[in-house]
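Colleague: JSON, C-alpha atoms, file data31.json:
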[["chain", "number", "residue", "atom", "x", "y", "z"],
["A", 25, "MET", "CA", 160.22, 5.63, 205.35],
["A", 26, "ALA", "CA", 161.61, 7.84, 208.09],
["A", 27, "ASP", "CA", 164.55, 8.84, 205.91],
["A", 28, "THR", "CA", 162.19, 9.65, 203.05],
["A", 29, "ASP", "CA", 160.03, 11.86, 205.24],
["A", 30, "GLN", "CA", 163.07, 13.70, 206.53],
["A", 31, "SER", "CA", 164.30, 14.33, 202.99],
["A", 32, "VAL", "CA", 160.94, 15.77, 202.02],
["A", 33, "ARG", "CA", 160.48, 17.78, 205.18],
["A", 34, "PRO", "CA", 163.85, 18.72, 206.68],
["A", 35, "ARG", "CA", 164.00, 19.39, 210.37],
["A", 36, "ARG", "CA", 165.57, 22.38, 212.04],
["A", 37, "ALA", "CA", 166.16, 21.92, 215.76],
["A", 38, "GLY", "CA", 163.57, 19.17, 215.86],
["A", 39, "VAL", "CA", 160.86, 21.31, 214.16],
["A", 40, "PRO", "CA", 159.66, 20.34, 210.67],
["A", 41, "VAL", "CA", 160.37, 23.05, 208.13],
["A", 42, "SER", "CA", 157.99, 23.22, 205.15],
["A", 43, "ARG", "CA", 159.55, 24.07, 201.81],
["A", 44, "ARG", "CA", 157.85, 26.70, 199.71],
["A", 45, "VAL", "CA", 157.25, 26.06, 196.05],
["A", 46, "LEU", "CA", 158.46, 29.56, 195.18],
["A", 47, "PRO", "CA", 161.72, 30.61, 196.83],
["A", 48, "GLY", "CA", 161.94, 34.16, 198.13],
["A", 49, "PHE", "CA", 158.19, 34.50, 198.53],
["A", 50, "GLY", "CA", 158.45, 37.40, 200.96],
["A", 51, "LEU", "CA", 160.74, 39.40, 198.70],
["A", 52, "SER", "CA", 158.63, 38.64, 195.61],
["A", 53, "LEU", "CA", 155.45, 39.68, 197.39],
["A", 54, "GLY", "CA", 157.05, 42.88, 198.65],
["A", 55, "VAL", "CA", 158.30, 43.90, 195.20],
["A", 56, "THR", "CA", 154.92, 43.08, 193.66],
["A", 57, "LEU", "CA", 153.01, 45.14, 196.22],
["A", 58, "PHE", "CA", 155.46, 48.01, 195.78],
["A", 59, "PHE", "CA", 154.92, 48.16, 192.02],
["A", 60, "ILE", "CA", 151.15, 47.81, 192.43],
["A", 61, "SER", "CA", 151.19, 50.74, 194.84],
["A", 62, "LEU", "CA", 153.40, 52.78, 192.55],
["A", 63, "VAL", "CA", 151.56, 52.11, 189.29],
["A", 64, "LEU", "CA", 147.96, 51.75, 190.48],
["A", 65, "LEU", "CA", 147.33, 53.00, 193.98],
["A", 66, "LEU", "CA", 149.18, 56.31, 193.75],
["A", 67, "PRO", "CA", 147.34, 57.54, 190.61],
["A", 68, "ILE", "CA", 144.04, 56.37, 192.05],
["A", 69, "SER", "CA", 144.84, 58.12, 195.33],
["A", 70, "GLY", "CA", 145.58, 61.34, 193.45],
["A", 71, "LEU", "CA", 142.30, 61.02, 191.59],
["A", 72, "VAL", "CA", 140.39, 60.49, 194.83],
["A", 73, "ILE", "CA", 142.15, 63.44, 196.51],
["A", 74, "HIS", "CA", 141.30, 65.81, 193.64],
["A", 75, "THR", "CA", 137.70, 64.63, 193.62],
["A", 76, "ALA", "CA", 137.36, 64.79, 197.41],
["A", 77, "GLY", "CA", 138.38, 68.45, 197.33],
["A", 78, "MET", "CA", 135.14, 69.24, 195.51],
["A", 79, "GLY", "CA", 131.84, 69.65, 197.24],
["A", 80, "TRP", "CA", 128.98, 67.34, 196.32],
["A", 81, "GLU", "CA", 127.14, 70.13, 194.53],
["A", 82, "GLN", "CA", 130.19, 71.02, 192.46],
["A", 83, "PHE", "CA", 130.83, 67.35, 191.66],
["A", 84, "TRP", "CA", 127.22, 66.85, 190.57],
["A", 85, "PHE", "CA", 127.35, 70.03, 188.48],
["A", 86, "VAL", "CA", 130.42, 68.76, 186.62],
["A", 87, "VAL", "CA", 129.22, 65.22, 185.88],
["A", 88, "THR", "CA", 125.69, 66.32, 184.89],
["A", 89, "ASP", "CA", 126.82, 68.96, 182.43],
["A", 90, "PRO", "CA", 124.83, 68.34, 179.19],
["A", 91, "ARG", "CA", 127.97, 67.91, 177.12],
["A", 92, "VAL", "CA", 129.43, 65.45, 179.64],
["A", 93, "VAL", "CA", 126.19, 63.48, 179.83],
["A", 94, "ALA", "CA", 126.07, 63.28, 176.03],
["A", 95, "SER", "CA", 129.66, 62.00, 176.04],
["A", 96, "PHE", "CA", 128.73, 59.38, 178.62],
["A", 97, "LYS", "CA", 125.84, 58.21, 176.43],
["A", 98, "VAL", "CA", 127.98, 58.02, 173.29],
["A", 99, "THR", "CA", 130.71, 56.11, 175.13],
["A", 100, "VAL", "CA", 128.40, 53.62, 176.83],
["A", 101, "MET", "CA", 126.35, 52.89, 173.72],
["A", 102, "ALA", "CA", 129.46, 52.48, 171.55],
["A", 103, "ALA", "CA", 131.16, 50.27, 174.15],
["A", 104, "LEU", "CA", 128.03, 48.12, 174.44],
["A", 105, "ALA", "CA", 127.77, 47.72, 170.66],
["A", 106, "ALA", "CA", 131.49, 46.88, 170.39],
["A", 107, "SER", "CA", 131.24, 44.32, 173.21],
["A", 108, "LEU", "CA", 128.24, 42.59, 171.64],
["A", 109, "PHE", "CA", 130.05, 42.43, 168.31],
["A", 110, "ASN", "CA", 133.15, 41.05, 170.02],
["A", 111, "CYS", "CA", 131.11, 38.34, 171.73],
["A", 112, "VAL", "CA", 129.97, 37.03, 168.35],
["A", 113, "PHE", "CA", 133.18, 37.61, 166.40],
["A", 114, "GLY", "CA", 135.41, 36.50, 169.29],
["A", 115, "LEU", "CA", 133.47, 33.27, 169.69],
["A", 116, "LEU", "CA", 133.77, 32.50, 165.98],
["A", 117, "MET", "CA", 137.47, 33.34, 165.94],
["A", 118, "ALA", "CA", 138.17, 31.21, 169.01],
["A", 119, "TRP", "CA", 136.23, 28.33, 167.40],
["A", 120, "VAL", "CA", 138.28, 28.58, 164.20],
["A", 121, "LEU", "CA", 141.57, 28.70, 166.08],
["A", 122, "VAL", "CA", 140.71, 25.68, 168.25],
["A", 123, "ARG", "CA", 138.80, 23.32, 165.97],
["A", 124, "TYR", "CA", 140.43, 23.80, 162.56],
["A", 125, "GLU", "CA", 143.88, 23.26, 161.12],
["A", 126, "PHE", "CA", 144.91, 25.43, 158.16],
["A", 127, "PRO", "CA", 148.01, 27.17, 156.79],
["A", 128, "GLY", "CA", 148.75, 30.37, 158.67],
["A", 129, "LYS", "CA", 146.88, 29.34, 161.81],
["A", 130, "ARG", "CA", 149.75, 30.32, 164.12],
["A", 131, "LEU", "CA", 150.06, 33.67, 162.39],
["A", 132, "LEU", "CA", 146.33, 34.33, 162.81],
["A", 133, "ASP", "CA", 146.56, 33.30, 166.45],
["A", 134, "ALA", "CA", 149.40, 35.78, 166.98],
["A", 135, "ILE", "CA", 147.49, 38.54, 165.18],
["A", 136, "MET", "CA", 144.73, 38.23, 167.79],
["A", 137, "ASP", "CA", 147.13, 39.77, 170.30],
["A", 138, "LEU", "CA", 148.06, 42.64, 167.99],
["A", 139, "PRO", "CA", 145.68, 45.16, 169.65],
["A", 140, "PHE", "CA", 147.53, 44.57, 172.94],
["A", 141, "ALA", "CA", 150.95, 45.23, 171.41],
["A", 142, "LEU", "CA", 150.03, 48.00, 168.96],
["A", 143, "PRO", "CA", 150.01, 51.57, 170.34],
["A", 144, "THR", "CA", 146.44, 52.81, 170.41],
["A", 145, "ALA", "CA", 147.33, 56.00, 168.56],
["A", 146, "VAL", "CA", 148.80, 53.96, 165.71],
["A", 147, "ALA", "CA", 145.66, 51.82, 165.67],
["A", 148, "GLY", "CA", 143.47, 54.91, 165.53],
["A", 149, "ILE", "CA", 145.39, 56.50, 162.67],
["A", 150, "THR", "CA", 145.39, 53.23, 160.73],
["A", 151, "LEU", "CA", 141.67, 52.68, 161.20],
["A", 152, "ALA", "CA", 140.88, 56.27, 160.24],
["A", 153, "THR", "CA", 142.95, 55.86, 157.07],
["A", 154, "LEU", "CA", 141.39, 52.53, 156.11],
["A", 155, "PHE", "CA", 137.80, 53.61, 156.73],
["A", 156, "SER", "CA", 138.00, 57.13, 155.29],
["A", 157, "GLU", "CA", 136.18, 57.86, 152.06],
["A", 158, "ASN", "CA", 139.38, 57.26, 150.09],
["A", 159, "GLY", "CA", 140.54, 54.32, 152.19],
["A", 160, "TRP", "CA", 140.53, 50.68, 151.20],
["A", 161, "TYR", "CA", 137.46, 49.81, 153.26],
["A", 162, "GLY", "CA", 135.80, 53.21, 153.28],
["A", 163, "ARG", "CA", 135.73, 53.39, 149.49],
["A", 164, "VAL", "CA", 133.78, 50.12, 149.31],
["A", 165, "LEU", "CA", 131.42, 51.02, 152.14],
["A", 166, "ALA", "CA", 130.75, 54.43, 150.61],
["A", 167, "GLU", "CA", 129.16, 52.72, 147.61],
["A", 168, "PHE", "CA", 126.51, 51.39, 149.99],
["A", 169, "GLY", "CA", 126.07, 54.74, 151.71],
["A", 170, "ILE", "CA", 127.89, 53.65, 154.88],
["A", 171, "ALA", "CA", 130.25, 56.14, 156.50],
["A", 172, "VAL", "CA", 132.53, 54.88, 159.27],
["A", 173, "ALA", "CA", 135.31, 57.40, 159.77],
["A", 174, "TYR", "CA", 134.37, 60.49, 161.79],
["A", 175, "THR", "CA", 131.02, 59.03, 162.81],
["A", 176, "PRO", "CA", 129.77, 57.17, 165.92],
["A", 177, "LEU", "CA", 130.18, 53.95, 163.93],
["A", 178, "GLY", "CA", 133.90, 54.65, 163.80],
["A", 179, "ILE", "CA", 133.96, 54.69, 167.60],
["A", 180, "VAL", "CA", 132.42, 51.22, 167.65],
["A", 181, "VAL", "CA", 134.99, 49.95, 165.15],
["A", 182, "ALA", "CA", 137.90, 51.34, 167.17],
["A", 183, "MET", "CA", 136.58, 49.97, 170.45],
["A", 184, "ALA", "CA", 135.91, 46.56, 168.93],
["A", 185, "PHE", "CA", 139.43, 46.40, 167.50],
["A", 186, "THR", "CA", 141.17, 47.25, 170.77],
["A", 187, "SER", "CA", 139.07, 44.94, 172.98],
["A", 188, "VAL", "CA", 138.38, 41.82, 170.89],
["A", 189, "PRO", "CA", 141.37, 39.89, 172.34],
["A", 190, "PHE", "CA", 139.61, 39.81, 175.73],
["A", 191, "VAL", "CA", 136.83, 37.67, 174.29],
["A", 192, "VAL", "CA", 139.05, 35.46, 172.13],
["A", 193, "ARG", "CA", 141.54, 34.70, 174.88],
["A", 194, "THR", "CA", 138.79, 34.08, 177.43],
["A", 195, "VAL", "CA", 136.77, 31.67, 175.29],
["A", 196, "GLN", "CA", 139.68, 29.89, 173.60],
["A", 197, "PRO", "CA", 140.91, 27.90, 176.66],
["A", 198, "VAL", "CA", 137.37, 26.71, 177.40],
["A", 199, "LEU", "CA", 136.96, 25.44, 173.85],
["A", 200, "GLU", "CA", 140.30, 23.65, 174.04],
["A", 201, "GLU", "CA", 139.08, 21.68, 177.07],
["A", 202, "LEU", "CA", 135.83, 20.61, 175.39],
["A", 203, "PRO", "CA", 136.16, 17.11, 173.88],
["A", 204, "PRO", "CA", 134.81, 16.93, 170.30],
["A", 205, "GLU", "CA", 133.41, 13.47, 171.05],
["A", 206, "ASP", "CA", 130.32, 15.00, 172.69],
["A", 207, "GLU", "CA", 129.50, 16.94, 169.54],
["A", 208, "GLU", "CA", 130.17, 13.92, 167.33],
["A", 209, "ALA", "CA", 127.88, 11.76, 169.46],
["A", 210, "ALA", "CA", 125.10, 14.35, 169.24],
["A", 211, "VAL", "CA", 125.45, 14.60, 165.45],
["A", 212, "SER", "CA", 125.44, 10.82, 165.11],
["A", 213, "LEU", "CA", 122.13, 10.77, 167.01],
["A", 214, "GLY", "CA", 120.59, 13.16, 164.50],
["A", 215, "ALA", "CA", 121.04, 16.51, 166.25],
["A", 216, "SER", "CA", 121.36, 19.56, 164.04],
["A", 217, "ASP", "CA", 124.28, 21.98, 164.25],
["A", 218, "TRP", "CA", 122.12, 24.55, 166.04],
["A", 219, "THR", "CA", 120.97, 21.92, 168.56],
["A", 220, "VAL", "CA", 124.55, 20.88, 169.23],
["A", 221, "PHE", "CA", 125.55, 24.48, 169.84],
["A", 222, "ARG", "CA", 122.51, 25.31, 171.98],
["A", 223, "ARG", "CA", 122.41, 22.14, 174.10],
["A", 224, "ILE", "CA", 126.08, 21.10, 174.36],
["A", 225, "LEU", "CA", 128.43, 23.99, 173.61],
["A", 226, "PHE", "CA", 126.68, 27.15, 174.77],
["A", 227, "PRO", "CA", 125.95, 26.01, 178.37],
["A", 228, "VAL", "CA", 129.70, 25.54, 178.84],
["A", 229, "LEU", "CA", 130.85, 28.59, 176.87],
["A", 230, "TRP", "CA", 128.49, 31.28, 178.10],
["A", 231, "PRO", "CA", 130.29, 32.02, 181.42],
["A", 232, "ALA", "CA", 133.54, 32.66, 179.57],
["A", 233, "LEU", "CA", 131.66, 34.63, 176.92],
["A", 234, "VAL", "CA", 130.04, 36.86, 179.53],
["A", 235, "THR", "CA", 133.37, 37.41, 181.24],
["A", 236, "GLY", "CA", 135.12, 38.30, 177.98],
["A", 237, "GLY", "CA", 132.28, 40.61, 176.98],
["A", 238, "GLY", "CA", 132.42, 42.37, 180.36],
["A", 239, "LEU", "CA", 136.16, 42.87, 180.12],
["A", 240, "SER", "CA", 135.73, 44.16, 176.57],
["A", 241, "PHE", "CA", 133.12, 46.66, 177.77],
["A", 242, "ALA", "CA", 135.28, 47.85, 180.67],
["A", 243, "ARG", "CA", 138.25, 48.27, 178.32],
["A", 244, "SER", "CA", 136.21, 50.22, 175.79],
["A", 245, "LEU", "CA", 134.91, 52.72, 178.33],
["A", 246, "GLY", "CA", 138.30, 54.29, 178.80],
["A", 247, "GLU", "CA", 139.65, 53.98, 175.25],
["A", 248, "TYR", "CA", 141.15, 57.20, 173.94],
["A", 249, "GLY", "CA", 144.02, 56.81, 171.48],
["A", 250, "ALA", "CA", 142.29, 54.54, 168.99],
["A", 251, "VAL", "CA", 138.99, 56.43, 169.19],
["A", 252, "VAL", "CA", 140.02, 60.06, 169.01],
["A", 253, "PHE", "CA", 141.47, 59.77, 165.49],
["A", 254, "ILE", "CA", 138.41, 58.13, 163.92],
["A", 255, "ALA", "CA", 135.52, 59.53, 165.97],
["A", 256, "GLY", "CA", 135.27, 63.03, 164.53],
["A", 257, "ASN", "CA", 134.90, 64.38, 168.08],
["A", 258, "SER", "CA", 131.75, 66.38, 167.43],
["A", 259, "PRO", "CA", 130.12, 67.50, 170.69],
["A", 260, "TYR", "CA", 126.85, 65.69, 171.46],
["A", 261, "VAL", "CA", 127.43, 63.39, 168.46],
["A", 262, "SER", "CA", 130.77, 61.57, 168.49],
["A", 263, "GLU", "CA", 132.61, 62.88, 171.51],
["A", 264, "VAL", "CA", 133.68, 60.16, 173.97],
["A", 265, "ILE", "CA", 134.13, 60.63, 177.69],
["A", 266, "SER", "CA", 137.91, 60.13, 177.57],
["A", 267, "LEU", "CA", 138.14, 63.13, 175.25],
["A", 268, "MET", "CA", 136.08, 65.18, 177.70],
["A", 269, "ILE", "CA", 138.61, 64.36, 180.42],
["A", 270, "PHE", "CA", 141.41, 65.51, 178.11],
["A", 271, "VAL", "CA", 139.55, 68.73, 177.32],
["A", 272, "ARG", "CA", 139.17, 69.52, 181.02],
["A", 273, "LEU", "CA", 142.88, 68.86, 181.54],
["A", 274, "GLU", "CA", 143.74, 71.25, 178.71],
["A", 275, "GLU", "CA", 141.65, 73.86, 180.51],
["A", 276, "TYR", "CA", 143.67, 73.16, 183.69],
["A", 277, "ASP", "CA", 140.44, 72.17, 185.41],
["A", 278, "PHE", "CA", 141.96, 69.20, 187.19],
["A", 279, "ALA", "CA", 139.09, 68.86, 189.65],
["A", 280, "ALA", "CA", 136.51, 68.53, 186.87],
["A", 281, "ALA", "CA", 138.71, 66.07, 184.98],
["A", 282, "SER", "CA", 139.12, 64.01, 188.15],
["A", 283, "ALA", "CA", 135.38, 64.05, 188.79],
["A", 284, "ILE", "CA", 134.59, 62.76, 185.30],
["A", 285, "ALA", "CA", 137.38, 60.18, 185.47],
["A", 286, "SER", "CA", 136.16, 58.97, 188.86],
["A", 287, "VAL", "CA", 132.78, 58.09, 187.36],
["A", 288, "VAL", "CA", 134.43, 56.04, 184.59],
["A", 289, "MET", "CA", 136.73, 54.38, 187.09],
["A", 290, "GLY", "CA", 133.85, 53.60, 189.44],
["A", 291, "VAL", "CA", 131.77, 52.01, 186.68],
["A", 292, "SER", "CA", 134.73, 49.91, 185.51],
["A", 293, "LEU", "CA", 135.59, 48.74, 189.03],
["A", 294, "LEU", "CA", 131.97, 47.88, 189.81],
["A", 295, "LEU", "CA", 131.72, 45.93, 186.57],
["A", 296, "LEU", "CA", 134.90, 43.99, 187.30],
["A", 297, "LEU", "CA", 133.75, 43.33, 190.87],
["A", 298, "ALA", "CA", 130.39, 42.07, 189.61],
["A", 299, "ILE", "CA", 132.13, 39.74, 187.14],
["A", 300, "ASN", "CA", 134.40, 38.31, 189.85],
["A", 301, "VAL", "CA", 131.53, 37.82, 192.32],
["A", 302, "TRP", "CA", 129.38, 36.20, 189.64],
["A", 303, "GLN", "CA", 132.23, 33.91, 188.59],
["A", 304, "GLY", "CA", 132.81, 32.83, 192.17],
["A", 305, "ARG", "CA", 129.16, 32.00, 192.75],
["A", 306, "TYR", "CA", 128.85, 30.23, 189.41],
["A", 307, "LEU", "CA", 131.90, 28.05, 190.06],
["A", 308, "LYS", "CA", 130.64, 27.31, 193.57],
["A", 309, "ARG", "CA", 127.26, 26.17, 192.23],
["A", 310, "LEU", "CA", 128.99, 24.18, 189.48],
["A", 311, "HIS", "CA", 131.27, 22.32, 191.85],
["A", 312, "GLY", "CA", 128.44, 21.88, 194.33],
["A", 313, "GLY", "CA", 126.25, 20.31, 191.66],
["A", 314, "ARG", "CA", 129.05, 17.96, 190.63],
["A", 315, "GLY", "CA", 129.62, 17.03, 194.25]]
Turn this file's structure into structure tokens for me.
Modeller:
Amino acid sequence: MADTDQSVRPRRAGVPVSRRVLPGFGLSLGVTLFFISLVLLLPISGLVIHTAGMGWEQFWFVVTDPRVVASFKVTVMAALAASLFNCVFGLLMAWVLVRYEFPGKRLLDAIMDLPFALPTAVAGITLATLFSENGWYGRVLAEFGIAVAYTPLGIVVAMAFTSVPFVVRTVQPVLEELPPEDEEAAVSLGASDWTVFRRILFPVLWPALVTGGGLSFARSLGEYGAVVFIAGNSPYVSEVISLMIFVRLEEYDFAAASAIASVVMGVSLLLLLAINVWQGRYLKRLHGGRG
């Protein structure tokens, strides 16, 4: 037993030395922190410095400009609509990928990650082409009087396309851990499909669904490439806040662009913080109830 303990925990000068699971932890942590500082903290620091150089009155004047406020409203409403759509569509897609076997399932599963790999500008041009009046989808929708390209609806479509993987990939692992025996037992006892979903599935799925929807909303707030080609970019109608930031940069008004961007960044960070805090409290209550 003594030999076994010594092989597991070698001694150096009579002092037990614990082995780390990951070798080179200090070096790995240092490189990771360096890249985080380089990629994230430095741009954020520059944004804060530009914004801090403005007085409060000037900052308030920039962010409350009528055109900027209208862009905020268009962006928030479109992001909310896209996130709600993704919650429904993402749940259905995750259900299909987990509970059914069919030819092409792996291909469909891989396609769900396409918005992450596809450049947003390419996605925007493709969506604008498909949903234009002469496009494959736009031609059909035009017969029903529905216009998508160059309208606020086009913004919703673009945001939903770029952010739907957040919902699918958040809900999918939870569904994979759910045993189908619970649903089969409920059906055998006479429960309807809606009862099974409402009483058995939804109480387990809704935390992941809320998290995926929140991430989808945060992602949609700052979307630019996929939106700008299909939105139409009409002031007060279909102009998103990311385009307003770009307009201010073209005018070399870096302070105003930083002020507008700081509002978007603050909302996104607060949303992500709220999701993390809520998740922590929910898991704590869940484990406490099981204990």
Colleague: Quick one: everything within 7 Å of Ala182 (chain A), counting all atoms listed in the file, minus sequence neighbours fewer than 4 positions away in the same chain. Send it as a compact mmCIF listing (two decimals) with C-alpha atoms, keeping the file's coordinate frame.
Modeller:
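What follows is the written file around-v8.txt:
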# COMPACT_ATOMS: atom_id res chain seq x y z
CA GLY A 148 143.47 54.91 165.53
CA GLY A 178 133.90 54.65 163.80
CA THR A 186 141.17 47.25 170.77
CA ALA A 250 142.29 54.54 168.99
CA VAL A 251 138.99 56.43 169.19
Colleague: What is the distance, in Å and to one decimal place, between CA of Gly237 (chain A) and CA of Val86 (chain A)?
Modeller: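 Computed distance, CA of Gly237 (chain A) to CA of Val86 (chain A), equals 29.8 Å.
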Colleague: Which residues, written as a PDB file with C-alpha atoms, keeping the file's coordinate frame, have at least one atom at most 12 Å from Thr88 (chain A), with all atoms listed in the file counted and residues fewer than 5 positions away on the same chain left out?
Modeller:
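Final output, result-v6.pdb:
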ATOM      1  CA  TRP A  80     128.980  67.340 196.320  1.00  0.00           C
ATOM      2  CA  GLU A  81     127.140  70.130 194.530  1.00  0.00           C
ATOM      3  CA  GLN A  82     130.190  71.020 192.460  1.00  0.00           C
ATOM      4  CA  PHE A  83     130.830  67.350 191.660  1.00  0.00           C
ATOM      5  CA  VAL A  93     126.190  63.480 179.830  1.00  0.00           C
ATOM      6  CA  ALA A  94     126.070  63.280 176.030  1.00  0.00           C
ATOM      7  CA  SER A  95     129.660  62.000 176.040  1.00  0.00           C
ATOM      8  CA  PHE A  96     128.730  59.380 178.620  1.00  0.00           C
ATOM      9  CA  LYS A  97     125.840  58.210 176.430  1.00  0.00           C
ATOM     10  CA  ALA A 280     136.510  68.530 186.870  1.00  0.00           C
ATOM     11  CA  ALA A 283     135.380  64.050 188.790  1.00  0.00           C
ATOM     12  CA  ILE A 284     134.590  62.760 185.300  1.00  0.00           C
ATOM     13  CA  VAL A 287     132.780  58.090 187.360  1.00  0.00           C
TER      14      VAL A 287
END
Colleague: Just want the 9 Å neighbourhood of Asp217 (chain A), counted on all atoms listed in the file, with same-chain residues fewer than 5 positions away dropped. Output as a PDB file with C-alpha atoms, in the coordinates of the input.
Modeller:
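This is the output file result_17.pdb:
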ATOM      1  CA  GLU A 207     129.500  16.940 169.540  1.00  0.00           C
ATOM      2  CA  VAL A 211     125.450  14.600 165.450  1.00  0.00           C
ATOM      3  CA  ARG A 222     122.510  25.310 171.980  1.00  0.00           C
TER       4      ARG A 222
END
Colleague: So how many Å separate CA of Ile179 (chain A) and CA of Leu71 (chain A), to one decimal?
Modeller: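 Straight-line distance from CA of Ile179 (chain A) to CA of Leu71 (chain A) works out to 26.2 Å.
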Colleague: Select, from A:Gly238, A:Pro127, A:Pro227, A:Gly256, the residue with the minimum atom-to-atom distance to Ala106 (chain A), counting only C-alpha atoms.
Modeller: A:Gly238
Colleague: List the neighbours of Gly236 (chain A) out to 7 Å using all atoms listed in the file; skip same-chain residues closer than 2 positions along the sequence, and give me the result as an mmCIF file with C-alpha atoms, keeping the file's coordinate frame.
Modeller:
data_model
loop_
_atom_site.group_PDB
_atom_site.id
_atom_site.type_symbol
_atom_site.label_atom_id
_atom_site.label_comp_id
_atom_site.auth_asym_id
_atom_site.auth_seq_id
_atom_site.Cartn_x
_atom_site.Cartn_y
_atom_site.Cartn_z
ATOM 1 C CA PHE A 190 139.610 39.810 175.730
ATOM 2 C CA VAL A 191 136.830 37.670 174.290
ATOM 3 C CA THR A 194 138.790 34.080 177.430
ATOM 4 C CA ALA A 232 133.540 32.660 179.570
ATOM 5 C CA LEU A 233 131.660 34.630 176.920
ATOM 6 C CA VAL A 234 130.040 36.860 179.530
ATOM 7 C CA GLY A 238 132.420 42.370 180.360
ATOM 8 C CA LEU A 239 136.160 42.870 180.120
ATOM 9 C CA SER A 240 135.730 44.160 176.570
#
Colleague: From the set A:Val192, A:Leu108, A:Leu297, A:Ala184, which residue has the shortest atom-to-atom contact distance to Leu132 (chain A), counting all atoms listed in the file?
Modeller: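 Using all atoms listed in the file, Leu132 (chain A) sits closest to A:Val192.
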Colleague: Determine the nearest neighbour of Tyr260 (chain A) from the options A:Gly159, A:Val98, A:Val301, A:Arg130, counting all atoms listed in the file.
Modeller: A:Val98
Colleague: Show me the residues around (135.7, 59.7, 154.0) - criterion: an atom at most 9 Å away, all atoms listed in the file counted - as a ChimeraX atom specification.
Modeller: /A:152-153,155-159,162-163,166,171-174
Colleague: As an exercise, work out the distance from CA of Cys111 (chain A) to CA of Val188 (chain A) in Å and give it to one decimal place.
Modeller: 8.1 Å
Colleague: Could you give me, as a short mmCIF file (atom, residue, chain, number, x, y, z; two decimals) with C-alpha atoms, in the coordinates of the input, the residues within 7 Å of Pro176 (chain A), counting only C-alpha atoms and dropping anything in the same chain fewer than 3 positions from it?
Modeller:
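Heads up, here's the output in result_30.cif:
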data_model
loop_
_atom_site.label_atom_id
_atom_site.label_comp_id
_atom_site.auth_asym_id
_atom_site.auth_seq_id
_atom_site.Cartn_x
_atom_site.Cartn_y
_atom_site.Cartn_z
CA ILE A 179 133.96 54.69 167.60
CA VAL A 180 132.42 51.22 167.65
CA ALA A 255 135.52 59.53 165.97
CA SER A 262 130.77 61.57 168.49
#
Colleague: Compare A:Arg305, A:Ser266, A:Asp133, A:Ala298 by their minimum atom-to-atom distance to Val92 (chain A), counting only C-alpha atoms, and give me the closest one.
Modeller: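 Of all the options, A:Ser266 lies closest to Val92 (chain A).
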Colleague: Between A:Trp119, A:Ser107, A:Phe85, A:Arg272, which one has atoms that come closest to Phe221 (chain A), using all atoms listed in the file?
Modeller: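 Using all atoms listed in the file, Phe221 (chain A) sits closest to A:Trp119.
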Colleague: Let me make sure I understand: among A:Pro139, A:Gly304, A:Gly50, A:Pro90, which one has the smallest atom-to-atom distance to Thr235 (chain A) if we use only C-alpha atoms?
Modeller: A:Gly304
Colleague: Which centre and which edge lengths, in Å to one decimal, describe the axis-aligned box that holds all listed atoms of region 294-305 of chain A after 5 Å is added on each side, as AutoDock Vina command-line options?
Modeller:
--center_x 132.0 --center_y 39.9 --center_z 189.7 --size_x 15.7 --size_y 25.9 --size_z 16.2
Colleague: Given all atoms listed in the file, how would the per-residue table for region 45-158 of chain A near region 195-206 of chain A read, listing every residue at most 8 Å away with its closest atom pair and distance in Å to one decimal, sorted by chain and number, as a tab-separated table?
Modeller:
residue	atom	partner	partner_atom	distance
A:Gly114	CA	A:Val195	CA	7.8
A:Leu115	CA	A:Val195	CA	6.7
A:Ala118	CA	A:Gln196	CA	5.0
A:Trp119	CA	A:Leu199	CA	7.1
A:Leu121	CA	A:Gln196	CA	7.8
A:Val122	CA	A:Glu200	CA	6.1
